[in-house]
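J.: Got a file for you: model.txt, compact mmCIF, C-alpha atoms and all ligand atoms.
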```txt
# COMPACT_ATOMS: atom_id res chain seq x y z
CA MET A 1 19.04 -32.24 3.16
CA ASN A 2 17.88 -29.55 0.76
CA LYS A 3 14.81 -29.79 -1.43
CA PHE A 4 15.86 -26.78 -3.48
CA ASN A 5 19.14 -25.16 -4.13
CA ILE A 6 19.08 -21.65 -5.56
CA GLU A 7 22.38 -20.26 -6.82
CA ASN A 8 23.15 -16.87 -8.32
CA LEU A 9 19.57 -16.48 -9.44
CA ASN A 10 18.64 -13.29 -11.27
CA LEU A 11 15.21 -12.47 -12.63
CA TYR A 12 14.30 -9.51 -14.82
CA TYR A 13 10.83 -8.34 -15.85
CA ASN A 14 9.96 -6.14 -18.83
CA ASP A 15 12.67 -7.56 -21.10
CA GLY A 16 15.37 -6.67 -18.62
CA ASP A 17 14.16 -3.28 -17.36
CA THR A 18 13.15 -4.44 -13.86
CA HIS A 19 15.80 -6.42 -11.98
CA ALA A 20 13.45 -8.13 -9.52
CA LEU A 21 15.78 -10.80 -8.06
CA LYS A 22 19.44 -9.98 -7.59
CA ASN A 23 21.89 -12.84 -7.36
CA ILE A 24 19.89 -14.95 -4.90
CA ASN A 25 21.61 -17.84 -3.10
CA LEU A 26 19.25 -19.83 -0.90
CA PRO A 27 18.97 -23.45 0.14
CA ILE A 28 15.45 -24.65 0.98
CA PRO A 29 15.47 -27.61 3.37
CA HIS A 30 13.38 -30.73 2.87
CA LYS A 31 10.24 -31.13 5.03
CA LYS A 32 10.64 -27.83 6.81
CA VAL A 33 8.74 -24.56 6.59
CA THR A 34 10.74 -21.76 4.98
CA ALA A 35 9.27 -18.26 5.26
CA LEU A 36 10.06 -15.48 2.79
CA ILE A 37 9.62 -12.06 4.41
CA GLY A 38 10.27 -8.45 3.46
CA PRO A 39 8.43 -5.29 2.42
CA SER A 40 5.97 -5.22 -0.45
CA GLY A 41 7.66 -5.38 -3.84
CA CYS A 42 10.92 -6.93 -2.59
CA GLY A 43 10.54 -10.02 -4.79
CA LYS A 44 9.02 -12.67 -2.49
CA SER A 45 6.28 -13.80 -4.87
CA THR A 46 8.70 -13.65 -7.78
CA LEU A 47 11.07 -16.02 -6.03
CA LEU A 48 8.23 -18.35 -5.06
CA ARG A 49 7.13 -18.52 -8.71
CA CYS A 50 10.67 -19.44 -9.78
CA LEU A 51 10.33 -22.71 -7.87
CA ASN A 52 7.59 -24.10 -10.12
CA ARG A 53 8.32 -21.99 -13.19
CA MET A 54 5.15 -19.98 -12.94
CA ASN A 55 7.16 -16.97 -14.16
CA ASP A 56 7.47 -18.74 -17.52
CA LEU A 57 3.89 -17.67 -18.10
CA ILE A 58 4.76 -13.96 -17.88
CA ALA A 59 5.94 -12.31 -21.12
CA GLY A 60 9.24 -10.46 -21.01
CA VAL A 61 10.77 -12.40 -18.10
CA LYS A 62 14.46 -13.27 -18.21
CA ILE A 63 16.07 -15.63 -15.73
CA ASP A 64 19.67 -16.67 -15.18
CA GLY A 65 21.35 -18.70 -12.48
CA LEU A 66 20.48 -22.07 -11.05
CA VAL A 67 17.38 -23.50 -9.40
CA GLU A 68 17.75 -27.16 -8.50
CA MET A 69 15.12 -29.42 -7.02
CA ASP A 70 16.40 -32.78 -5.77
CA ALA A 71 19.65 -31.92 -7.56
CA GLU A 72 17.83 -31.57 -10.90
CA ASP A 73 17.91 -28.33 -12.88
CA VAL A 74 14.37 -26.90 -12.75
CA TYR A 75 15.14 -24.76 -15.82
CA GLY A 76 16.69 -27.66 -17.71
CA ASN A 77 14.95 -30.05 -20.01
CA ILE A 78 12.20 -31.20 -17.66
CA ASP A 79 8.46 -31.81 -17.84
CA VAL A 80 7.07 -28.50 -16.57
CA ALA A 81 3.54 -29.86 -16.07
CA ASN A 82 4.98 -32.56 -13.85
CA LEU A 83 7.06 -29.97 -11.98
CA ARG A 84 3.90 -28.01 -11.20
CA ILE A 85 2.31 -31.18 -9.81
CA LYS A 86 5.35 -31.87 -7.65
CA VAL A 87 5.45 -28.22 -6.57
CA GLY A 88 1.87 -27.21 -5.82
CA MET A 89 0.78 -23.68 -5.09
CA VAL A 90 -1.79 -21.99 -2.87
CA PHE A 91 -2.58 -18.33 -3.47
CA GLN A 92 -3.50 -15.33 -1.37
CA LYS A 93 -7.11 -15.42 -2.43
CA ALA A 94 -8.71 -18.84 -2.22
CA ASN A 95 -9.63 -19.87 -5.76
CA PRO A 96 -11.92 -22.90 -5.66
CA PHE A 97 -13.37 -23.99 -8.98
CA PRO A 98 -17.10 -23.38 -9.55
CA MET A 99 -18.10 -26.95 -8.74
CA SER A 100 -18.76 -29.17 -5.74
CA ILE A 101 -16.37 -29.62 -2.84
CA TYR A 102 -15.78 -33.20 -3.95
CA GLU A 103 -15.10 -32.27 -7.57
CA ASN A 104 -12.66 -29.55 -6.55
CA VAL A 105 -10.47 -32.12 -4.86
CA ALA A 106 -10.97 -34.79 -7.54
CA TYR A 107 -10.34 -32.33 -10.39
CA GLY A 108 -6.65 -32.97 -10.94
CA LEU A 109 -7.04 -36.74 -10.82
CA ARG A 110 -9.91 -36.65 -13.30
CA ALA A 111 -7.74 -34.49 -15.56
CA GLN A 112 -5.21 -37.30 -15.44
CA GLY A 113 -7.89 -39.70 -16.64
CA ILE A 114 -8.63 -41.33 -13.29
CA SER A 115 -12.34 -42.11 -12.97
CA ASP A 116 -12.53 -45.09 -10.60
CA LYS A 117 -15.05 -43.92 -8.03
CA LYS A 118 -13.63 -45.86 -5.12
CA HIS A 119 -10.16 -44.51 -5.76
CA LEU A 120 -11.43 -40.95 -6.14
CA ASP A 121 -13.50 -41.26 -2.96
CA GLU A 122 -10.41 -42.39 -1.07
CA VAL A 123 -8.19 -39.60 -2.35
CA VAL A 124 -10.86 -36.95 -1.71
CA GLU A 125 -11.35 -38.10 1.87
CA LYS A 126 -7.64 -38.44 2.57
CA SER A 127 -6.87 -35.03 1.10
CA LEU A 128 -9.68 -33.31 2.97
CA ARG A 129 -8.54 -34.96 6.19
CA SER A 130 -4.96 -33.83 5.56
CA ALA A 131 -6.23 -30.30 5.04
CA ALA A 132 -8.19 -30.46 8.34
CA LEU A 133 -11.47 -29.92 6.49
CA TRP A 134 -13.07 -33.36 6.35
CA ASP A 135 -15.17 -33.11 9.51
CA GLU A 136 -16.61 -29.78 8.41
CA VAL A 137 -17.61 -30.90 4.91
CA LYS A 138 -18.12 -34.68 4.95
CA ASP A 139 -21.92 -34.29 4.93
CA ARG A 140 -21.97 -31.75 2.11
CA LEU A 141 -19.40 -32.98 -0.39
CA LYS A 142 -21.82 -32.39 -3.27
CA SER A 143 -22.43 -28.75 -2.31
CA ASN A 144 -20.83 -25.95 -4.27
CA ALA A 145 -17.44 -24.90 -2.94
CA PHE A 146 -18.47 -21.24 -3.06
CA GLY A 147 -20.77 -21.92 -0.09
CA LEU A 148 -17.78 -22.44 2.18
CA SER A 149 -16.29 -19.70 4.33
CA GLY A 150 -13.08 -18.03 3.19
CA GLY A 151 -10.97 -20.09 5.56
CA GLN A 152 -12.68 -23.30 4.49
CA GLN A 153 -12.16 -22.39 0.83
CA GLN A 154 -8.46 -21.89 1.48
CA ARG A 155 -8.22 -25.30 3.18
CA LEU A 156 -10.12 -26.76 0.21
CA CYS A 157 -7.47 -25.30 -2.09
CA ILE A 158 -4.83 -26.93 0.10
CA ALA A 159 -6.72 -30.25 -0.14
CA ARG A 160 -6.90 -29.86 -3.94
CA THR A 161 -3.13 -29.39 -4.00
CA ILE A 162 -2.48 -32.33 -1.65
CA ALA A 163 -4.63 -34.64 -3.82
CA MET A 164 -1.95 -34.40 -6.52
CA GLU A 165 0.65 -35.78 -4.09
CA PRO A 166 3.13 -32.94 -4.38
CA ASP A 167 6.51 -32.86 -2.64
CA VAL A 168 6.38 -29.13 -2.09
CA ILE A 169 3.58 -26.69 -1.30
CA LEU A 170 4.17 -23.04 -2.10
CA MET A 171 1.92 -20.59 -0.29
CA ASP A 172 1.75 -16.92 -1.22
CA GLU A 173 0.26 -15.00 1.72
CA PRO A 174 -2.34 -17.75 2.21
CA THR A 175 -3.97 -16.17 5.26
CA SER A 176 -3.86 -12.48 4.45
CA ALA A 177 -7.54 -12.47 3.44
CA LEU A 178 -8.62 -14.47 6.52
CA ASP A 179 -9.76 -13.60 10.02
CA PRO A 180 -7.62 -14.59 13.03
CA ILE A 181 -9.52 -17.82 13.75
CA ALA A 182 -9.30 -19.05 10.16
CA THR A 183 -5.65 -18.00 10.12
CA LYS A 184 -4.93 -20.02 13.24
CA LYS A 185 -6.49 -23.12 11.64
CA ILE A 186 -4.20 -22.81 8.63
CA GLU A 187 -1.16 -22.17 10.80
CA ASP A 188 -1.97 -25.27 12.88
CA LEU A 189 -2.44 -27.22 9.67
CA MET A 190 1.02 -26.25 8.44
CA GLU A 191 2.53 -27.79 11.53
CA THR A 192 1.17 -31.18 10.48
CA LEU A 193 1.74 -30.68 6.74
CA LYS A 194 5.45 -30.21 7.15
CA LYS A 195 5.73 -33.84 8.27
CA ASP A 196 4.93 -34.80 4.68
CA PHE A 197 5.77 -31.78 2.55
CA THR A 198 8.36 -29.09 2.08
CA ILE A 199 6.59 -25.77 2.56
CA VAL A 200 7.65 -22.35 1.35
CA ILE A 201 5.43 -19.53 2.51
CA VAL A 202 5.43 -15.85 1.65
CA THR A 203 4.04 -13.79 4.48
CA HIS A 204 3.93 -10.12 5.30
CA SER A 205 3.24 -11.04 8.93
CA MET A 206 6.43 -11.34 10.91
CA GLN A 207 4.48 -12.89 13.78
CA GLN A 208 3.27 -15.56 11.41
CA ALA A 209 6.76 -16.26 10.09
CA ARG A 210 7.98 -16.54 13.64
CA ARG A 211 5.15 -18.85 14.73
CA ILE A 212 5.23 -21.31 11.87
CA SER A 213 8.58 -21.37 10.10
CA ASP A 214 11.82 -23.20 10.73
CA ARG A 215 13.86 -21.03 8.38
CA THR A 216 13.36 -17.41 7.40
CA ALA A 217 14.77 -15.47 4.46
CA PHE A 218 14.60 -11.66 4.53
CA PHE A 219 14.42 -9.78 1.21
CA LEU A 220 14.84 -6.11 0.42
CA MET A 221 14.49 -4.59 -3.05
CA GLY A 222 15.26 -7.83 -4.84
CA GLU A 223 18.18 -8.73 -2.63
CA LEU A 224 18.30 -11.59 -0.16
CA VAL A 225 19.67 -9.79 2.88
CA GLU A 226 20.04 -12.89 5.02
CA HIS A 227 18.57 -16.30 5.75
CA ASN A 228 18.89 -18.43 8.82
CA ASP A 229 16.98 -20.38 11.44
CA THR A 230 13.87 -18.38 12.22
CA GLU A 231 14.80 -17.76 15.85
CA HIS A 232 18.16 -16.41 14.75
CA ILE A 233 16.56 -13.99 12.27
CA PHE A 234 14.21 -12.62 14.91
CA MET A 235 16.45 -12.69 17.97
CA ASN A 236 19.90 -12.05 16.64
CA PRO A 237 19.99 -11.06 12.97
CA THR A 238 23.34 -10.46 11.37
CA ASP A 239 22.39 -7.50 9.17
CA HIS A 240 21.19 -4.19 10.62
CA ARG A 241 18.51 -4.00 7.88
CA THR A 242 17.00 -7.27 9.08
CA LEU A 243 17.02 -5.95 12.64
CA GLY A 244 15.26 -2.78 11.51
CA TYR A 245 12.61 -4.75 9.65
CA VAL A 246 11.86 -7.29 12.38
CA ASN A 247 11.71 -4.45 14.90
CA GLY A 248 9.09 -2.78 12.72
CA ASP A 249 11.21 0.29 11.90
CA PHE A 250 10.04 0.08 8.27
CA GLY A 251 7.56 -2.06 6.47
N1 LIG A 301 4.27 -9.60 -13.79
C1 LIG A 301 5.13 -8.60 -13.54
N2 LIG A 301 5.56 -7.79 -14.51
C2 LIG A 301 6.43 -6.79 -14.26
N3 LIG A 301 6.94 -6.51 -13.05
C3 LIG A 301 6.55 -7.31 -12.02
C4 LIG A 301 5.63 -8.39 -12.21
N4 LIG A 301 5.42 -8.98 -11.01
C5 LIG A 301 6.19 -8.30 -10.13
N5 LIG A 301 6.86 -7.30 -10.72
C6 LIG A 301 7.80 -6.37 -10.07
O1 LIG A 301 8.83 -7.12 -9.46
C7 LIG A 301 9.13 -6.62 -8.16
C8 LIG A 301 8.90 -7.70 -7.11
O2 LIG A 301 7.49 -7.98 -7.06
P1 LIG A 301 6.91 -9.18 -6.18
O3 LIG A 301 7.70 -10.39 -6.40
O4 LIG A 301 5.46 -9.23 -6.49
O5 LIG A 301 7.15 -8.64 -4.69
P2 LIG A 301 6.49 -9.09 -3.30
O6 LIG A 301 5.82 -10.39 -3.50
O7 LIG A 301 7.65 -9.15 -2.36
O8 LIG A 301 5.54 -7.98 -2.91
C9 LIG A 301 8.28 -5.37 -7.99
O9 LIG A 301 9.03 -4.27 -8.39
C10 LIG A 301 7.13 -5.62 -8.93
O10 LIG A 301 6.59 -4.41 -9.39
MG MG A 302 3.80 -10.89 -3.27
```
Produce structure tokens that represent the structure in this file.
T.:
Amino acid sequence: MNKFNIENLNLYYNDGDTHALKNINLPIPHKKVTALIGPSGCGKSTLLRCLNRMNDLIAGVKIDGLVEMDAEDVYGNIDVANLRIKVGMVFQKANPFPMSIYENVAYGLRAQGISDKKHLDEVVEKSLRSAALWDEVKDRLKSNAFGLSGGQQQRLCIARTIAMEPDVILMDEPTSALDPIATKKIEDLMETLKKDFTIVIVTHSMQQARRISDRTAFFLMGELVEHNDTEHIFMNPTDHRTLGYVNGDFG
């Protein structure tokens, strides 16, 4: 079962001058981890942003083709704010809000007008547990989030996303600013998250893609070269360009 279906998707920046995504066809399976890999500038982040219409916020972008989520046209007449709740996003650099750990996680619910303390307490705890952060912060929920380590801040951002009960979590190089131990914690976390969420992760680390993803899509200069089960991409790719990339011949 596919969460997303992407068909003949083209994206242009600068009013058409930069053709950043070239006729992309990619299914994204439900409750699996899909990794987007390829050299810098090949369009990975651009594709990720198509899934929750974050590119709408960039002036001069033109998009054609189809992106469907649960068989519904993402670029049709839908509630974009609701789409961005259903399709949450975690960025390369952890971006906690300048407030307490608790308020970071409760933020989205409060914005929806929810103020019942018991309910908020429950969601905050559940979300922090899901993000494998609860035990580290349960005694300091009122402390400022900026006091957390980089890896903890990134897990807090994951908890903040989870609190909104998304279906999908998009992650754009979520560990590239982290040390190996913090990276391992997030990779382990993804293993449990995929039981509940569809995950799409951009990573420049082929080892990471191989460790954590079920499916891998390899991009080159705006083109989707191939996509398949991760083991297939790394062990027996169909295209010689994929082979060259996974062998480290170019980067
Ligand atoms: N906001 C933007 N405005 C104009 N061009 C952009 C913008 N973002 C990305 N691009 C261009 O689109 C192409 C793909 O970029 P990107 O999706 O960021 O690649 P990746 O994430 O694989 O490194 C690059 O040529 C990049 O310069
Ligand atoms: Mg990128």
J.: When you look at segment 121-138 of chain A with a cut-off of 10 Å (counting only C-alpha atoms), what residues show up, excluding the ones that are within fewer than 4 positions of it in the same chain? I need them as a VMD selection string.
T.: chain A and resid 101 to 107 109 116 to 117 142 to 143 145 148 151 to 165 185 to 186 188 to 190 192 to 193 196
J.: Residues of chain A that approach ligand LIG 301 (chain A) to 10 Å or less, counting all atoms listed in the file: could you list each one with the shortest pair of atoms and its distance in Å to one decimal, rows by chain and increasing residue number, as CSV?
T.:
```
residue,atom,partner,partner_atom,distance
A:Leu11,CA,A:LIG301,O1,8.9
A:Tyr12,CA,A:LIG301,O1,8.0
A:Tyr13,CA,A:LIG301,C2,4.9
A:Asn14,CA,A:LIG301,C2,5.8
A:Asp15,CA,A:LIG301,C2,9.3
A:Gly16,CA,A:LIG301,C2,9.9
A:Asp17,CA,A:LIG301,N3,9.0
A:Thr18,CA,A:LIG301,N3,6.6
A:His19,CA,A:LIG301,O1,7.4
A:Ala20,CA,A:LIG301,O1,4.7
A:Leu21,CA,A:LIG301,C8,7.6
A:Leu36,CA,A:LIG301,O7,8.5
A:Ile37,CA,A:LIG301,O7,7.6
A:Gly38,CA,A:LIG301,O7,6.4
A:Pro39,CA,A:LIG301,O7,6.2
A:Ser40,CA,A:LIG301,O8,3.7
A:Gly41,CA,A:LIG301,O5,3.4
A:Cys42,CA,A:LIG301,O7,4.0
A:Gly43,CA,A:LIG301,O3,3.3
A:Lys44,CA,A:LIG301,O7,3.8
A:Ser45,CA,A:LIG301,O6,3.7
A:Thr46,CA,A:LIG301,O3,3.7
A:Leu47,CA,A:LIG301,O3,6.6
A:Leu48,CA,A:LIG301,O3,8.1
A:Arg49,CA,A:LIG301,O3,8.5
A:Asn55,CA,A:LIG301,N1,7.9
A:Leu57,CA,A:LIG301,N1,9.2
A:Ile58,CA,A:LIG301,N1,6.0
A:Ala59,CA,A:LIG301,N1,8.0
A:Gly60,CA,A:LIG301,N2,7.9
A:Val61,CA,A:LIG301,N2,7.8
A:Asp172,CA,A:LIG301,O6,8.0
A:Glu173,CA,A:LIG301,O6,8.9
A:Val202,CA,A:LIG301,O6,7.5
A:Thr203,CA,A:LIG301,O6,8.9
A:His204,CA,A:LIG301,O7,8.6
A:Phe219,CA,A:LIG301,O7,7.7
A:Leu220,CA,A:LIG301,O7,8.3
A:Met221,CA,A:LIG301,C8,7.6
A:Gly222,CA,A:LIG301,C8,6.8
```
J.: Mind pulling up the distance from atom CA of Met54 of chain A to atom CA of Ala35 of chain A?
T.: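 Computing it gives 18.7 Å between the two atoms.
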J.: Can you tell me which residues surround Arg215 of chain A at a distance of at most 9 Å, considering all atoms listed in the file, apart from same-chain residues fewer than 2 positions away, and format the answer as a ChimeraX atom specification?
T.: /A:28-29,32-36,209,213,217,227-233
J.: So what do you get for atom CA of Pro174 of chain A versus atom CA of Thr216 of chain A, distance-wise?
T.: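 These two atoms are separated by 16.5 Å.
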J.: In Å, how far is it from atom CA of Asp73 of chain A to atom CA of Ile24 of chain A?
T.: 15.7 Å
J.: Applying 8 Å and all atoms listed in the file, which residues near segment 167-170 of chain A remain after dropping the ones on its own chain fewer than 6 positions away? List them as a PyMOL selection string.
T.: chain A and resi 48+86-90+161+196-201
J.: Restricting the calculation to only C-alpha atoms and all ligand atoms, which member of A:Met171, A:Ile212, A:Met99, A:Leu178 is positioned closest to ligand MG 302 (chain A)?
T.: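 Ranking A:Met171, A:Ile212, A:Met99, A:Leu178 by distance to ligand MG 302 (chain A), first place goes to A:Met171.
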J.: Step by step: start from the point (11.3, -24.9, -9.1) in the file's coordinates, keep every protein, DNA or RNA residue that has an atom no farther than 7 Å from it, count all atoms listed in the file, and write the set as a list of chain:residue names.
T.: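 Within 7 Å of (11.3, -24.9, -9.1), the protein and nucleic acid residues are A:Cys50, A:Leu51, A:Asn52, A:Arg53, A:Val67, A:Glu68, A:Met69, A:Val74.
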J.: Residues proximal to (10.6, -8.0, 10.5) were defined as those with any atom within 10 Å of that point in the file's coordinates, counting all atoms listed in the file. Which are they, as a JSON list (two decimals) with C-alpha atoms, in the coordinates of the input?
T.:
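Saved result, point_0.json, follows:
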```json
[["chain", "number", "residue", "atom", "x", "y", "z"],
["A", 37, "ILE", "CA", 9.62, -12.06, 4.41],
["A", 38, "GLY", "CA", 10.27, -8.45, 3.46],
["A", 39, "PRO", "CA", 8.43, -5.29, 2.42],
["A", 204, "HIS", "CA", 3.93, -10.12, 5.30],
["A", 205, "SER", "CA", 3.24, -11.04, 8.93],
["A", 206, "MET", "CA", 6.43, -11.34, 10.91],
["A", 207, "GLN", "CA", 4.48, -12.89, 13.78],
["A", 209, "ALA", "CA", 6.76, -16.26, 10.09],
["A", 210, "ARG", "CA", 7.98, -16.54, 13.64],
["A", 218, "PHE", "CA", 14.60, -11.66, 4.53],
["A", 233, "ILE", "CA", 16.56, -13.99, 12.27],
["A", 234, "PHE", "CA", 14.21, -12.62, 14.91],
["A", 241, "ARG", "CA", 18.51, -4.00, 7.88],
["A", 242, "THR", "CA", 17.00, -7.27, 9.08],
["A", 243, "LEU", "CA", 17.02, -5.95, 12.64],
["A", 244, "GLY", "CA", 15.26, -2.78, 11.51],
["A", 245, "TYR", "CA", 12.61, -4.75, 9.65],
["A", 246, "VAL", "CA", 11.86, -7.29, 12.38],
["A", 247, "ASN", "CA", 11.71, -4.45, 14.90],
["A", 248, "GLY", "CA", 9.09, -2.78, 12.72],
["A", 249, "ASP", "CA", 11.21, 0.29, 11.90],
["A", 250, "PHE", "CA", 10.04, 0.08, 8.27],
["A", 251, "GLY", "CA", 7.56, -2.06, 6.47]]
```
J.: Rank nothing, just name the residue among A:His30, A:Lys93, A:Lys62, A:His119 nearest to ligand MG 302 (chain A), using all atoms listed in the file.
T.: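 Of A:His30, A:Lys93, A:Lys62, A:His119, the one nearest ligand MG 302 (chain A) is A:Lys93, counting all atoms listed in the file.
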J.: Select, from A:Phe91, A:Phe97, A:Arg211, A:Glu187, the residue with the minimum atom-to-atom distance to ligand MG 302 (chain A), counting only C-alpha atoms and all ligand atoms.
T.: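 Of A:Phe91, A:Phe97, A:Arg211, A:Glu187, the one nearest ligand MG 302 (chain A), counting only C-alpha atoms and all ligand atoms, is A:Phe91.
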J.: With all atoms listed in the file as the basis for distance, which of A:Ser176, A:Lys195, A:Leu26, A:Leu120 is at the shortest distance from ligand MG 302 (chain A)?
T.: A:Ser176
J.: So which one's closest to ligand MG 302 (chain A), A:Asn25, A:Asp214, A:Ala71, A:Gln92? Using only C-alpha atoms and all ligand atoms, please.
T.: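 Distance minimum relative to ligand MG 302 (chain A) lands on A:Gln92.
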J.: Edge lengths and centre in Å to one decimal, as AutoDock Vina command-line options, is what I'm after for the box along x, y and z that holds all listed atoms of segment 53-58 of chain A once 6 Å is added on each side.
T.:
```
--center_x 6.1 --center_y -18.0 --center_z -15.5 --size_x 16.4 --size_y 20.0 --size_z 17.2
```
J.: Using all atoms listed in the file, which residue out of A:Ser115, A:Thr175, A:Leu224, A:Leu83 lies closest to Asn23 of chain A?
T.: A:Leu224
J.: Would you fill out segment 233-249 of chain A with N, CA, C and O atoms and return it as a compact mmCIF listing (two decimals), in the coordinates of the input?
T.:
```
# COMPACT_ATOMS: atom_id res chain seq x y z
N ILE A 233 16.95 -15.20 13.01
CA ILE A 233 16.56 -13.99 12.27
C ILE A 233 15.83 -13.00 13.19
O ILE A 233 16.02 -11.80 13.09
N PHE A 234 15.00 -13.53 14.07
CA PHE A 234 14.21 -12.62 14.91
C PHE A 234 14.92 -12.19 16.18
O PHE A 234 14.68 -11.09 16.68
N MET A 235 15.80 -13.02 16.69
CA MET A 235 16.45 -12.69 17.97
C MET A 235 17.80 -12.03 17.78
O MET A 235 18.22 -11.20 18.59
N ASN A 236 18.50 -12.45 16.73
CA ASN A 236 19.90 -12.05 16.64
C ASN A 236 20.35 -11.96 15.18
O ASN A 236 21.30 -12.63 14.77
N PRO A 237 19.64 -11.11 14.39
CA PRO A 237 19.99 -11.06 12.97
C PRO A 237 21.39 -10.49 12.76
O PRO A 237 21.89 -9.73 13.59
N THR A 238 21.98 -10.88 11.65
CA THR A 238 23.34 -10.46 11.37
C THR A 238 23.37 -9.06 10.76
O THR A 238 24.28 -8.28 11.05
N ASP A 239 22.38 -8.75 9.93
CA ASP A 239 22.39 -7.50 9.17
C ASP A 239 21.50 -6.45 9.86
O ASP A 239 20.39 -6.77 10.29
N HIS A 240 21.97 -5.23 9.93
CA HIS A 240 21.19 -4.19 10.62
C HIS A 240 19.85 -3.93 9.91
O HIS A 240 18.88 -3.53 10.54
N ARG A 241 19.78 -4.21 8.59
CA ARG A 241 18.51 -4.00 7.88
C ARG A 241 17.46 -5.02 8.31
O ARG A 241 16.28 -4.71 8.43
N THR A 242 17.92 -6.24 8.57
CA THR A 242 17.00 -7.27 9.08
C THR A 242 16.50 -6.85 10.46
O THR A 242 15.29 -6.93 10.74
N LEU A 243 17.40 -6.39 11.29
CA LEU A 243 17.02 -5.95 12.64
C LEU A 243 15.97 -4.86 12.55
O LEU A 243 14.95 -4.89 13.25
N GLY A 244 16.21 -3.89 11.68
CA GLY A 244 15.26 -2.78 11.51
C GLY A 244 13.90 -3.28 11.08
O GLY A 244 12.86 -2.85 11.60
N TYR A 245 13.90 -4.24 10.16
CA TYR A 245 12.61 -4.75 9.65
C TYR A 245 11.88 -5.56 10.73
O TYR A 245 10.68 -5.35 10.95
N VAL A 246 12.57 -6.46 11.39
CA VAL A 246 11.86 -7.29 12.38
C VAL A 246 11.45 -6.47 13.60
O VAL A 246 10.52 -6.83 14.30
N ASN A 247 12.13 -5.36 13.83
CA ASN A 247 11.71 -4.45 14.90
C ASN A 247 10.56 -3.54 14.49
O ASN A 247 10.07 -2.77 15.30
N GLY A 248 10.20 -3.60 13.19
CA GLY A 248 9.09 -2.78 12.72
C GLY A 248 9.49 -1.34 12.41
O GLY A 248 8.63 -0.45 12.37
N ASP A 249 10.78 -1.08 12.20
CA ASP A 249 11.21 0.29 11.90
C ASP A 249 10.76 0.73 10.51
O ASP A 249 10.59 1.90 10.23
```
